Structure formats: C-alpha cells, structure tokens
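Listing of start35.txt, compact mmCIF, C-alpha atoms
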```txt
# COMPACT_ATOMS: atom_id res chain seq x y z
CA MET A 28 126.94 140.95 93.98
CA PRO A 29 130.36 142.32 93.11
CA LYS A 30 131.59 145.87 93.52
CA VAL A 31 131.67 147.57 90.12
CA ASP A 32 134.81 149.67 89.94
CA SER A 33 134.12 150.94 86.45
CA PHE A 34 132.50 150.06 83.15
CA GLN A 35 133.00 151.03 79.54
CA ILE A 36 129.89 151.53 77.46
CA LYS A 37 129.45 151.66 73.70
CA ILE A 38 126.03 152.63 72.39
CA LYS A 39 125.06 152.40 68.74
CA THR A 40 122.05 154.62 68.11
CA GLY A 41 119.33 153.39 65.76
CA GLN A 42 116.82 155.51 63.88
CA ASN A 43 116.03 158.14 66.54
CA GLY A 44 118.95 159.86 68.19
CA ARG A 45 119.06 162.12 71.21
CA ALA A 46 120.32 165.68 71.58
CA THR A 47 121.47 165.69 75.21
CA PRO A 48 124.45 163.78 76.61
CA PRO A 49 123.49 160.47 78.25
CA VAL A 50 123.83 159.85 81.99
CA PHE A 51 123.56 156.73 84.12
CA LYS A 52 122.13 155.98 87.54
CA ILE A 53 123.88 153.78 90.07
CA ASN A 54 121.54 152.77 92.90
CA GLY A 55 119.35 155.74 92.05
CA PHE A 56 122.17 158.32 91.92
CA GLU A 57 122.68 160.05 88.60
CA LEU A 58 126.21 160.39 87.27
CA PRO A 59 127.70 161.58 83.98
CA PHE A 60 129.88 159.42 81.75
CA GLU A 61 133.58 160.18 81.67
CA ASP A 62 135.83 160.21 78.60
CA SER A 63 132.82 160.53 76.31
CA GLU A 64 133.47 160.22 72.59
CA GLY A 65 131.40 159.89 69.45
CA GLY A 66 127.81 160.89 68.89
CA LEU A 67 124.23 159.99 69.65
CA GLY A 68 122.64 160.96 66.37
CA SER A 69 120.94 158.45 64.11
CA GLY A 70 123.44 155.70 63.24
CA GLU A 71 126.20 157.20 65.39
CA THR A 72 128.20 155.45 68.09
CA PHE A 73 128.91 156.81 71.55
CA THR A 74 131.52 155.54 73.98
CA GLY A 75 131.99 156.53 77.59
CA LYS A 76 133.11 155.32 80.97
CA GLY A 77 131.34 155.09 84.30
CA SER A 78 133.17 154.77 87.61
CA PRO A 79 130.56 153.84 90.20
CA GLN A 80 133.04 152.27 92.68
CA SER A 81 130.02 150.66 94.30
CA MET A 82 127.90 147.54 94.59
CA ALA A 83 125.47 147.70 91.68
CA HIS A 84 122.07 147.08 93.21
CA SER A 85 120.83 148.84 90.12
CA LEU A 86 122.59 150.38 87.14
CA HIS A 87 120.48 152.18 84.57
CA LEU A 88 121.06 154.17 81.42
CA VAL A 89 118.69 157.13 81.76
CA GLY A 90 116.28 157.83 78.91
CA PRO A 91 116.29 161.16 77.02
CA GLY A 92 114.64 164.21 78.57
CA GLU A 93 112.22 164.40 75.67
CA GLY A 94 111.36 162.39 72.58
CA GLU A 95 112.46 158.85 71.87
CA TRP A 96 115.92 157.37 71.63
CA ASP A 97 116.51 154.10 69.80
CA THR A 98 119.56 152.15 70.92
CA GLU A 99 120.42 149.52 68.38
CA GLU A 100 123.12 147.75 70.34
CA THR A 101 124.81 148.46 73.65
CA THR A 102 128.08 146.84 74.66
CA ILE A 103 129.23 147.06 78.25
CA THR A 104 132.53 145.89 79.68
CA TYR A 105 132.46 145.65 83.46
CA GLN A 106 135.50 145.91 85.67
CA CYS A 107 134.49 144.49 89.02
CA SER A 108 136.72 144.57 92.07
CA GLY A 109 139.21 141.69 92.09
CA GLU A 110 137.78 140.05 88.98
CA GLU A 111 138.67 139.72 85.33
CA PRO A 112 136.64 142.12 83.14
CA TYR A 113 133.71 140.71 81.19
CA THR A 114 131.53 142.03 78.38
CA VAL A 115 127.79 141.86 77.78
CA ARG A 116 126.04 142.85 74.57
CA LEU A 117 122.45 144.09 74.72
CA GLY A 118 119.89 144.26 71.93
CA SER A 119 117.76 147.15 70.75
CA VAL A 120 115.38 149.18 72.88
CA THR A 121 113.54 152.49 72.60
CA LEU A 122 113.85 154.82 75.58
CA ASP A 123 111.74 157.87 76.30
CA SER A 124 111.47 160.45 79.07
CA ASP A 125 109.79 157.96 81.41
CA SER A 126 112.05 154.97 80.89
CA ASP A 127 115.57 153.77 81.66
CA MET A 128 117.54 150.78 80.40
CA ASN A 129 118.88 148.20 82.82
CA ILE A 130 122.58 147.95 82.04
CA TRP A 131 123.63 145.78 84.99
CA HIS A 132 124.29 142.16 84.12
CA GLU A 133 126.26 139.68 86.12
CA ARG A 134 129.01 137.68 84.47
CA PRO A 135 127.35 135.27 81.99
CA LEU A 136 127.49 131.64 83.03
CA PRO A 137 129.89 129.59 80.95
CA VAL A 138 128.42 127.32 78.28
CA PHE A 139 130.10 124.23 76.86
CA ASP A 140 129.30 121.77 74.08
CA VAL A 141 128.21 118.27 74.98
CA MET B 19 110.43 178.18 105.60
CA ALA B 20 107.59 176.26 107.22
CA PHE B 21 106.16 177.70 110.48
CA SER B 22 107.77 181.07 109.73
CA TRP B 23 104.55 182.79 110.81
CA VAL B 24 105.04 181.50 114.39
CA ASN B 25 108.36 183.23 114.69
CA THR B 26 106.96 186.39 113.23
CA VAL B 27 103.92 186.49 115.50
CA PHE B 28 105.71 185.93 118.77
CA SER B 29 108.92 187.73 118.15
CA ASN B 30 109.52 191.35 118.95
CA LYS B 31 111.09 192.00 115.65
CA LYS B 32 109.25 194.24 113.33
CA PRO B 33 108.01 192.20 110.41
CA VAL B 34 109.30 193.02 107.03
CA PRO B 35 106.48 194.00 104.71
CA PRO B 36 106.31 192.23 101.42
CA PRO B 37 107.97 194.04 98.55
CA VAL B 38 105.75 196.31 96.57
CA LEU B 39 105.45 195.07 93.06
CA ALA B 40 104.84 197.31 90.14
CA PRO B 41 101.39 196.67 88.69
CA THR B 42 101.33 194.50 85.64
CA PRO B 43 98.24 193.52 83.66
CA GLU B 44 98.44 190.09 85.29
CA ARG B 45 98.76 191.38 88.86
CA GLU B 46 96.14 194.04 88.49
CA ASN B 47 93.36 191.50 88.13
CA LYS B 48 94.40 189.43 91.16
CA PRO B 49 93.10 190.01 94.70
CA PRO B 50 95.63 191.58 97.10
CA PRO B 51 97.89 189.10 98.87
CA GLN B 52 96.82 187.99 102.34
CA GLU B 53 98.98 189.58 105.04
CA SER B 54 97.34 188.15 108.11
CA PHE B 55 100.57 187.55 110.01
CA ILE B 56 101.56 191.19 109.60
CA LYS B 57 98.28 192.38 111.03
CA LEU B 58 98.57 189.97 113.97
CA SER B 59 101.96 191.28 114.94
CA SER B 60 100.51 194.75 115.33
CA GLY B 61 98.64 193.71 118.47
CA SER B 62 95.56 191.83 117.33
CA MET B 63 94.83 188.53 119.16
CA ALA B 64 92.93 187.09 116.29
CA GLU B 65 93.52 183.40 115.63
CA PRO B 66 96.62 182.75 113.68
CA PRO B 67 96.24 180.91 110.42
CA PRO B 68 96.48 177.12 110.67
CA PRO B 69 100.06 175.96 110.54
CA THR B 70 101.08 174.56 107.24
CA GLN B 71 102.62 171.11 107.26
CA PRO B 72 106.22 170.95 106.14
CA SER B 73 105.98 170.08 102.50
CA ALA B 74 107.53 166.74 101.56
CA PRO B 75 110.02 166.83 98.73
CA PRO B 76 108.29 166.14 95.44
CA LYS B 77 108.25 162.40 94.80
CA GLU B 78 109.92 161.38 91.60
CA PRO B 79 107.53 159.47 89.36
CA GLU B 80 108.22 155.76 89.01
CA ARG B 81 110.27 155.12 85.89
CA ARG B 82 109.92 152.13 83.59
CA ILE B 83 112.99 149.93 83.54
CA ILE B 84 113.53 148.19 80.22
CA ASN B 85 115.55 144.99 80.06
CA PRO B 86 116.95 144.60 76.57
CA PRO B 87 117.74 141.08 75.32
CA VAL B 88 121.27 139.88 75.99
CA LEU B 89 122.92 139.05 72.68
CA THR B 90 125.02 135.93 72.38
CA ASP B 91 126.84 134.39 69.49
CA GLU B 92 124.31 131.54 69.57
CA SER B 93 121.35 133.92 69.32
CA GLU B 94 122.66 135.20 66.01
CA GLN B 95 123.16 131.77 64.47
CA SER B 96 120.20 130.91 62.32
CA SER B 97 121.63 127.98 60.38
CA TRP B 98 119.88 124.66 60.83
CA SER B 99 121.79 121.47 60.28
CA ASP B 100 121.00 117.77 60.63
CA GLU B 101 123.58 117.51 63.36
CA ILE B 102 121.97 118.11 66.74
CA THR B 103 123.89 120.71 68.72
CA ILE B 104 123.56 120.65 72.49
CA LYS B 105 125.16 123.13 74.85
CA ALA B 106 125.26 122.84 78.62
CA ARG B 107 125.24 125.62 81.18
CA VAL B 108 125.84 125.03 84.86
CA GLU B 109 123.49 127.35 86.71
CA LYS B 110 124.19 129.49 89.78
CA ASP B 111 122.76 126.64 91.76
CA PRO B 112 125.72 124.33 91.06
CA LEU B 113 123.57 121.20 91.25
CA THR B 114 121.51 122.30 88.24
CA CYS B 115 122.60 122.22 84.60
CA THR B 116 120.51 123.42 81.67
CA PHE B 117 120.92 121.73 78.30
CA LEU B 118 120.16 123.98 75.35
CA VAL B 119 119.17 121.96 72.31
CA ASP B 120 119.12 123.59 68.88
CA ARG B 121 115.60 122.27 68.21
CA PRO B 122 112.39 121.70 70.17
CA VAL B 123 112.48 118.84 72.65
CA PHE B 124 108.94 119.12 73.93
CA GLU B 125 107.11 121.85 72.05
CA GLY B 126 104.06 123.60 73.46
CA HIS B 127 104.17 121.94 76.86
CA SER B 128 106.60 121.24 79.67
CA ALA B 129 107.12 118.21 81.86
CA TRP B 130 108.53 117.85 85.34
CA PHE B 131 110.00 114.60 86.65
CA PRO B 132 110.89 115.02 90.32
CA THR B 133 112.34 111.51 90.72
CA SER B 134 113.44 108.60 88.61
CA ASP B 135 110.21 106.82 89.63
CA SER B 136 108.19 109.45 87.80
CA ASP B 137 109.60 108.80 84.32
CA SER B 138 107.27 106.05 83.15
CA GLU B 139 105.48 108.29 80.67
CA SER B 140 108.63 109.61 79.01
CA PRO B 141 111.06 107.40 77.12
CA LEU B 142 113.51 110.32 76.99
CA ALA B 143 113.30 110.86 80.75
CA GLN B 144 113.88 107.13 81.29
CA SER B 145 116.97 107.33 79.17
CA ILE B 146 118.38 110.38 80.99
CA PHE B 147 117.65 108.89 84.41
CA GLU B 148 120.00 106.02 83.47
CA VAL B 149 122.79 108.47 84.28
CA LYS B 150 123.06 107.66 87.95
CA GLU B 151 123.70 111.20 89.20
CA VAL B 152 120.43 112.58 87.76
CA CYS B 153 117.86 113.47 90.44
CA SER B 154 115.17 115.44 88.62
CA LEU B 155 114.33 116.67 85.12
CA LEU B 156 112.37 119.45 83.50
CA PHE B 157 111.57 119.57 79.78
CA LEU B 158 110.61 122.99 78.45
CA ASP B 159 110.58 123.76 74.72
CA SER B 160 114.17 123.27 73.58
CA THR B 161 115.73 123.04 77.03
CA ILE B 162 116.22 120.24 79.53
CA SER B 163 117.03 121.25 83.07
CA VAL B 164 118.73 118.53 85.11
CA THR B 165 119.39 118.47 88.84
CA ARG B 166 122.10 116.14 90.08
CA SER B 167 122.89 114.66 93.44
CA GLY B 168 125.56 116.44 95.42
CA SER B 169 127.26 113.23 96.52
CA SER B 170 128.80 112.23 93.18
CA GLU B 171 132.48 112.94 92.59
CA ARG B 172 132.02 113.30 88.84
CA LYS B 173 132.06 116.84 87.50
CA TRP B 174 129.25 118.33 85.42
CA GLU B 175 131.48 118.26 82.33
CA GLU B 176 131.54 114.44 82.47
CA ILE B 177 127.91 113.96 83.51
CA ALA B 178 126.73 116.48 80.89
CA LYS B 179 128.48 114.59 78.09
CA ASP B 180 126.64 111.39 79.08
CA ILE B 181 123.31 113.21 79.19
CA GLY B 182 124.03 115.02 75.92
CA SER B 183 124.72 111.81 74.05
CA LYS B 184 121.52 110.21 75.39
CA VAL B 185 119.43 113.22 74.36
CA ARG B 186 121.08 113.32 70.93
CA SER B 187 120.55 109.65 70.19
CA HIS B 188 116.93 109.75 71.41
CA LEU B 189 116.05 112.75 69.27
CA LYS B 190 117.81 111.22 66.26
CA SER B 191 115.80 108.03 66.66
CA GLY B 192 112.56 109.96 66.26
CA ALA B 193 111.02 108.18 69.26
CA SER B 194 108.44 110.09 71.27
CA VAL B 195 109.58 112.25 74.13
CA ILE B 196 106.38 111.96 76.18
CA SER B 197 103.56 109.44 75.89
CA ASP B 198 100.24 110.53 74.41
CA GLU B 199 98.55 109.49 77.67
CA PHE B 200 100.40 112.21 79.52
CA LEU B 201 99.24 114.84 77.05
CA THR B 202 95.61 113.76 77.26
CA ARG B 203 95.70 113.97 81.05
CA ILE B 204 96.77 117.63 81.05
CA PRO B 205 93.75 119.76 82.07
CA THR B 206 92.65 122.65 79.89
CA GLU B 207 94.33 126.00 80.47
CA GLU B 208 91.08 127.37 81.87
CA GLU B 209 90.76 124.59 84.44
CA MET B 210 94.39 124.99 85.46
CA ARG B 211 94.14 128.75 85.69
CA GLU B 212 91.11 128.48 87.95
CA LYS B 213 92.78 126.00 90.31
CA ILE B 214 96.04 127.93 90.48
CA GLN B 215 94.32 131.24 91.08
CA PHE B 216 92.40 129.60 93.93
CA VAL B 217 95.66 128.35 95.49
CA ILE B 218 97.20 131.83 95.15
CA ASP B 219 94.19 133.61 96.68
CA ASP B 220 93.37 131.07 99.35
CA GLU B 221 96.74 129.74 100.41
CA ILE B 222 99.84 131.52 99.13
CA ASN B 223 99.02 135.22 99.29
CA PRO B 224 97.47 135.06 102.76
CA GLY B 225 100.61 133.21 103.89
CA ILE B 226 103.11 135.72 102.56
CA ALA B 227 101.01 138.78 103.39
CA ALA B 228 102.78 138.95 106.75
CA HIS B 229 105.95 139.82 104.80
CA SER B 230 104.02 142.34 102.67
CA GLY B 231 104.58 140.01 99.73
CA ASN B 232 102.25 138.79 97.04
CA ILE B 233 102.39 136.70 93.92
CA THR B 234 100.49 137.15 90.68
CA LEU B 235 99.66 134.59 88.03
CA GLU B 236 101.03 136.29 84.92
CA ASN B 237 100.59 133.65 82.27
CA LEU B 238 99.62 130.06 81.65
CA THR B 239 100.50 128.44 78.35
CA GLY B 240 99.96 124.73 77.87
CA ASN B 241 100.94 123.53 81.32
CA THR B 242 103.67 126.13 81.90
CA VAL B 243 102.90 128.67 84.59
CA THR B 244 104.52 132.10 84.85
CA ILE B 245 104.23 134.10 88.03
CA SER B 246 105.67 137.32 89.39
CA MET B 247 106.49 138.13 92.97
CA GLY B 248 105.66 141.57 94.30
CA GLY B 249 105.79 143.65 97.46
CA GLY B 250 108.18 142.30 100.04
CA CYS B 251 109.01 139.27 97.86
CA GLN B 252 110.33 141.29 94.90
CA GLY B 253 113.75 142.11 96.24
CA CYS B 254 113.87 139.47 98.96
CA ALA B 255 116.93 137.30 99.35
CA ALA B 256 114.75 134.38 100.48
CA SER B 257 112.35 134.53 97.52
CA THR B 258 113.95 131.40 96.03
CA ILE B 259 112.96 129.45 99.12
CA THR B 260 109.42 130.82 98.97
CA LEU B 261 109.26 129.81 95.32
CA ARG B 262 110.56 126.27 95.75
CA GLU B 263 109.25 125.31 99.16
CA GLY B 264 105.95 127.10 99.03
CA ILE B 265 104.73 128.01 95.57
CA HIS B 266 106.00 124.99 93.61
CA LYS B 267 104.63 122.53 96.13
CA ALA B 268 101.24 124.23 96.45
CA PHE B 269 100.80 124.44 92.66
CA ARG B 270 101.85 120.84 92.04
CA ASP B 271 99.60 119.56 94.83
CA ALA B 272 96.67 121.35 93.18
CA VAL B 273 97.56 120.41 89.58
CA PRO B 274 100.04 117.51 89.35
CA GLU B 275 100.31 117.89 85.56
CA ILE B 276 101.96 121.33 85.81
CA GLY B 277 105.30 121.39 84.06
CA ALA B 278 107.55 124.44 84.44
CA ILE B 279 106.85 127.18 86.95
CA LEU B 280 108.65 130.31 85.81
CA ASP B 281 109.28 133.37 87.93
CA GLU B 282 109.52 136.47 85.75
CA THR B 283 110.21 138.82 88.67
CA ASP B 284 113.29 140.98 88.31
CA HIS B 285 114.52 140.53 91.87
CA THR B 286 117.26 143.11 91.35
CA ALA B 287 114.95 145.83 89.99
CA GLY B 288 114.15 149.03 91.79
CA THR B 289 116.48 151.64 93.10
CA ASN B 290 117.40 149.79 96.24
CA PRO B 291 116.39 146.15 96.36
CA PHE B 292 117.77 144.07 99.16
CA PHE B 293 118.28 141.08 96.91
CA LYS B 294 121.57 139.34 97.41
CA GLU B 295 123.03 136.07 96.29
CA LEU B 296 121.77 133.34 98.59
CA PRO B 297 124.37 132.33 101.16
CA GLU B 298 125.54 128.73 100.88
CA GLU B 299 123.59 127.52 103.93
CA LEU B 300 120.34 128.92 102.53
CA LYS B 301 121.10 127.50 99.09
CA ALA B 302 121.37 124.04 100.63
CA HIS B 303 118.03 124.59 102.38
CA ALA B 304 116.43 125.84 99.19
CA GLN B 305 117.48 122.70 97.39
CA GLY B 306 115.83 120.59 100.08
```

Let me see the file written as structure tokens.
Amino acid sequence: MPKVDSFQIKIKTGQNGRATPPVFKINGFELPFEDSEGGLGSGETFTGKGSPQSMAHSLHLVGPGEGEWDTEETTITYQCSGEEPYTVRLGSVTLDSDSDMNIWHERPLPVFDV
Amino acid sequence: MAFSWVNTVFSNKKPVPPPVLAPTPERENKPPPQESFIKLSSGSMAEPPPPTQPSAPPKEPERRIINPPVLTDESEQSSWSDEITIKARVEKDPLTCTFLVDRPVFEGHSAWFPTSDSDSESPLAQSIFEVKEVCSLLFLDSTISVTRSGSSERKWEEIAKDIGSKVRSHLKSGASVISDEFLTRIPTEEEMREKIQFVIDDEINPGIAAHSGNITLENLTGNTVTISMGGGCQGCAASTITLREGIHKAFRDAVPEIGAILDETDHTAGTNPFFKELPEELKAHAQG
C-alpha cells in the first residue's frame, strides 16, 4: 500500500447535483478539497485536489448532507510517494446522506494483447 | 462534567444555584428542576443520587461505501468482430495470468483444472496444458486464469502468446470447450448449496471463529460459488491463505465439480482495516 501524497479529482455531476462543497475522508478523517474549481450542479464539472500525505487504508468521497447526488464520472489521478502518477476513471453512482464513494484504487495492472 | 455532584457535595464551597429563568409558556408547564445536590450540601445526609456513568461520545452510524465500476477503454468498446481478441493481465500474484477473451469461453458454468492430469474432459484445457509452464487452469465465462510454474525462465509475455494462440485456434475451430459428460455430472444448485452451507457451518466457521472471523455463502450460480469474509477475516492480511488453504480445499472436497470460488469481500473497506499486501514469504506459502 503506497503513501498517497496527493490526488487530483474531477467529478462530472449527473442529473442531481449537490449544494454543499464536497469533502473526502482519508482513513476516517474528513478533509476539504484544495484548489476547488467548477460546480456541482446538474451537468457541471468539479475539480479539486486532496493532499492526504498518508497511507490510504481508506479514501472516500463523502455523500451530500441531504438529498441525492448523482456522479456521472469521476476521474482521479494519484500521486503516490516515489511513483509515477496514474489515473483511474470511475463510473456513475448515486450518493446520499448515508453513503460515501470509495475513491481509492491501486495502480491498474498492465494488460497486453496476445 | 460527569461526577460533578461529588465535588459539590463534599467540598466546602458554596454551591452556585441554577440561574433563574424567566417563565415561558413551555417552562411553566414543566415540573421544577431537581436540585438534590444543592439540598445535600446544606447539611442533609440523605443518599446522594446514583452517579451517572461518563457518557460515551455518540457513535457515528455506519456509512455505506459504494464501489463504482472502474472504466477502461475496453469496457466502452462494444464492437464485435470475427477476429478473436485476447488480452492478458499478470495478476498481483506473479504466477497467475488472466486471459480476457472478447467472447464467452465457457458460458454459465466454470471449470477448474488443478493439474494437467485433470484435463481429460476439456479439449481446450488439454491444448493449453501443452504449454509446459502451465500448472493449473480456471475457465469462467470469458476469462481463463492460468497459473504457471515458478521454475521456468520464460516470461509471461512469451508464455501468454503461446496460450493466446492455442485459445484462439480452439475457439475458431468451433470444437467443444468441455465435454457434455462433465456438464451432466454437475449437481443441481440446490444440492451444491446444501453441501457447501454444511461445510461452512460445520467445518469452516467453527475453525475461524477463534479469529473472530466468519464466511458467508453469498451466491451460487451454475457451479460458481461466491463467498464473503467477515469479522476478523475482512481486513486480515492472511485472508488469502485462509481462502486458498482452507476454504477452497474444503469446498472442493465436498463438491469436486465446483468451478470458480469468488471472494467478493472488500478487504480494504472500513475506516481502518489492517489489510496489507502479502509479504513475499507468505505469498509463496499461499501458493502452496
């Protein structure tokens, strides 16, 4: 499990947006995104940066305080200590006040044609 | 502060009376607040009220963790061509490679071939076992998982090309993947479920209870079994060993026709799992 220095996140919101700024949890500790840009309304795109500087036992995008939030696509670029950055794209989910999205993924294994 | 009444009762300080609140319609209908500790401090030896336990911080309710699908370029390709495309992926266990075929290899069921002696009912398995490094095979839908011996000097890239061409030519030929006899021998899902549940209840769960672990039969489709590991097994670094050395063997002893055994546990879930990548020496043990 590598140490995650930082990660860039890009969230494209689907039908239902959210009103409050998103936060993430690293190993259960809630932190705000830095350098936030864009929006979280329906069809809008949000970008931000997290700097956990920690081993990611768990890394979650916290659901909205109320209502539902549809994320159409989430793209995360991880910068782990001593490694080349890598990017993972995640499909759509609907988050609510009781749910979080797992946004920690290890580097995908390489695939080759045979 | 908890136990504040103790300090008040036995101290010489004059207690501070509660503030007098102006009557409001809401307060007027309520009984007067109890002031027992104030009365006690004025000389009465009446029994003090029972101490209140320090209140634990409110426990945060368990939150649902959603795992969205990981998107790949392949997952967005929907075109179907006559040419069979096969991709290979070397797994974290470097002796295992998964071949992803762009069409079903063995639909609806799965088949496990632990050695080259066990391939008599599968022409495709016979063909793949001709590659000398191949140790074991698992067919599941459109994937073939191959385990190789660790002694060969050839790299996966070379071995995988040999396997890929054998799979491609077999599928192109239209020959059967598994004999009909094998399929007729597979017990019904109900029979299998009953036997596996018995093994879980009678053998596996009592064995791992000492580690506060448990396993649950989540699903059984065809002859593919899906389990989840809970309790102490969920975030355990040695869960792979439990799965391979204990669960696989016990299931296959009970029902030899079982194909794939899938573990759907998210071993990294939770706020603080102690899951870690298996160290090399344990990996070697896990592979037997």

Skip Gly65 of chain A itself and residues of its chain fewer than 6 positions away, then list as a list in words all residues within 9 Å of it, counting only C-alpha atoms.
-> Glu71, Thr72, Phe73, Thr74 and Gly75 of chain A

Identify which of the residues B:Leu113, B:Met210, B:Ile222, B:Ile104 lies closest to Ser169 of chain B, counting all atoms listed in the file when measuring atom-to-atom distances.
->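 Among the listed residues, B:Leu113 lies closest to Ser169 of chain B.
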
From A:Ile130, A:Val120, A:Leu58, A:Leu136, residue lying nearest Ser78 of chain A [only C-alpha atoms] |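 Checking each candidate against Ser78 of chain A, we get A:Leu58 as the closest.
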
What residues in chain B have any atom no more than 6 Å from chain A when counting only C-alpha atoms, and can you write them as JSON, numbers by chain?
-> {"B": [81, 82, 83, 84, 85, 86, 87, 88, 89, 104, 105, 106, 107, 179, 182, 289]}

Those residues with C-alpha atoms, as an mmCIF file, in the coordinates of the input please?
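The new file selection_20.cif reads:
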```
data_model
loop_
_atom_site.group_PDB
_atom_site.id
_atom_site.type_symbol
_atom_site.label_atom_id
_atom_site.label_comp_id
_atom_site.auth_asym_id
_atom_site.auth_seq_id
_atom_site.Cartn_x
_atom_site.Cartn_y
_atom_site.Cartn_z
ATOM 1 C CA ARG B 81 110.270 155.120 85.890
ATOM 2 C CA ARG B 82 109.920 152.130 83.590
ATOM 3 C CA ILE B 83 112.990 149.930 83.540
ATOM 4 C CA ILE B 84 113.530 148.190 80.220
ATOM 5 C CA ASN B 85 115.550 144.990 80.060
ATOM 6 C CA PRO B 86 116.950 144.600 76.570
ATOM 7 C CA PRO B 87 117.740 141.080 75.320
ATOM 8 C CA VAL B 88 121.270 139.880 75.990
ATOM 9 C CA LEU B 89 122.920 139.050 72.680
ATOM 10 C CA ILE B 104 123.560 120.650 72.490
ATOM 11 C CA LYS B 105 125.160 123.130 74.850
ATOM 12 C CA ALA B 106 125.260 122.840 78.620
ATOM 13 C CA ARG B 107 125.240 125.620 81.180
ATOM 14 C CA LYS B 179 128.480 114.590 78.090
ATOM 15 C CA GLY B 182 124.030 115.020 75.920
ATOM 16 C CA THR B 289 116.480 151.640 93.100
#
```

Hey, what's within 10 Å of Gly264 of chain B if we count all atoms listed in the file and toss same-chain stuff fewer than 6 positions away? As a list of chain:residue names, please?
->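 The residues that qualify are B:Glu221, B:Ile222, B:Gly225, B:Ile226, B:Ser257, B:Thr258.
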
Using only C-alpha atoms, find the one residue out of A:Glu61, A:Gln35, A:Pro29, A:Gly66 that sits nearest to Tyr105 of chain A.
-> A:Gln35

Grab the atom CA of Arg186 of chain B to atom CA of Glu109 of chain B distance for me, in Å with one decimal place.
->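 Here the two named atoms are 21.3 Å from each other.
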
Would you work out the distance separating atom CA of Leu238 of chain B from atom CA of Asp135 of chain B, expressed in Å to one decimal?
-> 26.8 Å

Between A:Met82, A:Val31, A:Phe60, A:Gly94, which is the closest to Asn43 of chain A once you count only C-alpha atoms?
-> A:Gly94

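Counting from atom CA of Trp96 of chain A, the distance to atom CA of Ile36 of chain A is 16.2 Å.
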
Fewer than 6 positions away in the same chain doesn't count, so skip those; otherwise give me all residues within 9 Å of Ala46 of chain A, counting all atoms listed in the file, as a list of chain:residue names.
->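 Contacts, with the query itself left out: A:Leu67, A:Gly68, A:Pro91.
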
Filtering to C-alpha atoms, could you give me those residues as a PDB file, keeping the file's coordinate frame?
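File result-v2.pdb, as written:
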```pdb
ATOM      1  CA  LEU A  67     124.230 159.990  69.650  1.00  0.00           C
ATOM      2  CA  GLY A  68     122.640 160.960  66.370  1.00  0.00           C
ATOM      3  CA  PRO A  91     116.290 161.160  77.020  1.00  0.00           C
TER       4      PRO A  91
END
```

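Taking all atoms listed in the file into account, Lys39 of chain A lies nearest to A:Gly70 out of the set A:Gly92, A:Gly77, A:Gly109, A:Gly70.
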
Smallest atom-to-atom distance to Ile204 of chain B: which of B:Asn237, B:Ser134, B:Ser128, B:Thr244, using all atoms listed in the file?
-> B:Ser128

Report, as AutoDock Vina command-line options, the axis-aligned box around all atoms of segment 56-70 of chain A present in the file, extended by 6 Å on each side; give centre and edge lengths in Å to one decimal place.
```
--center_x 128.4 --center_y 158.6 --center_z 77.6 --size_x 26.9 --size_y 17.9 --size_z 40.7
```

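By all atoms listed in the file, and with residues fewer than 6 positions from segment 187-203 of chain B along its chain excluded, the set lying at most 7 Å from it is Phe124, Glu139, Ser140, Pro141 and Leu142 of chain B.
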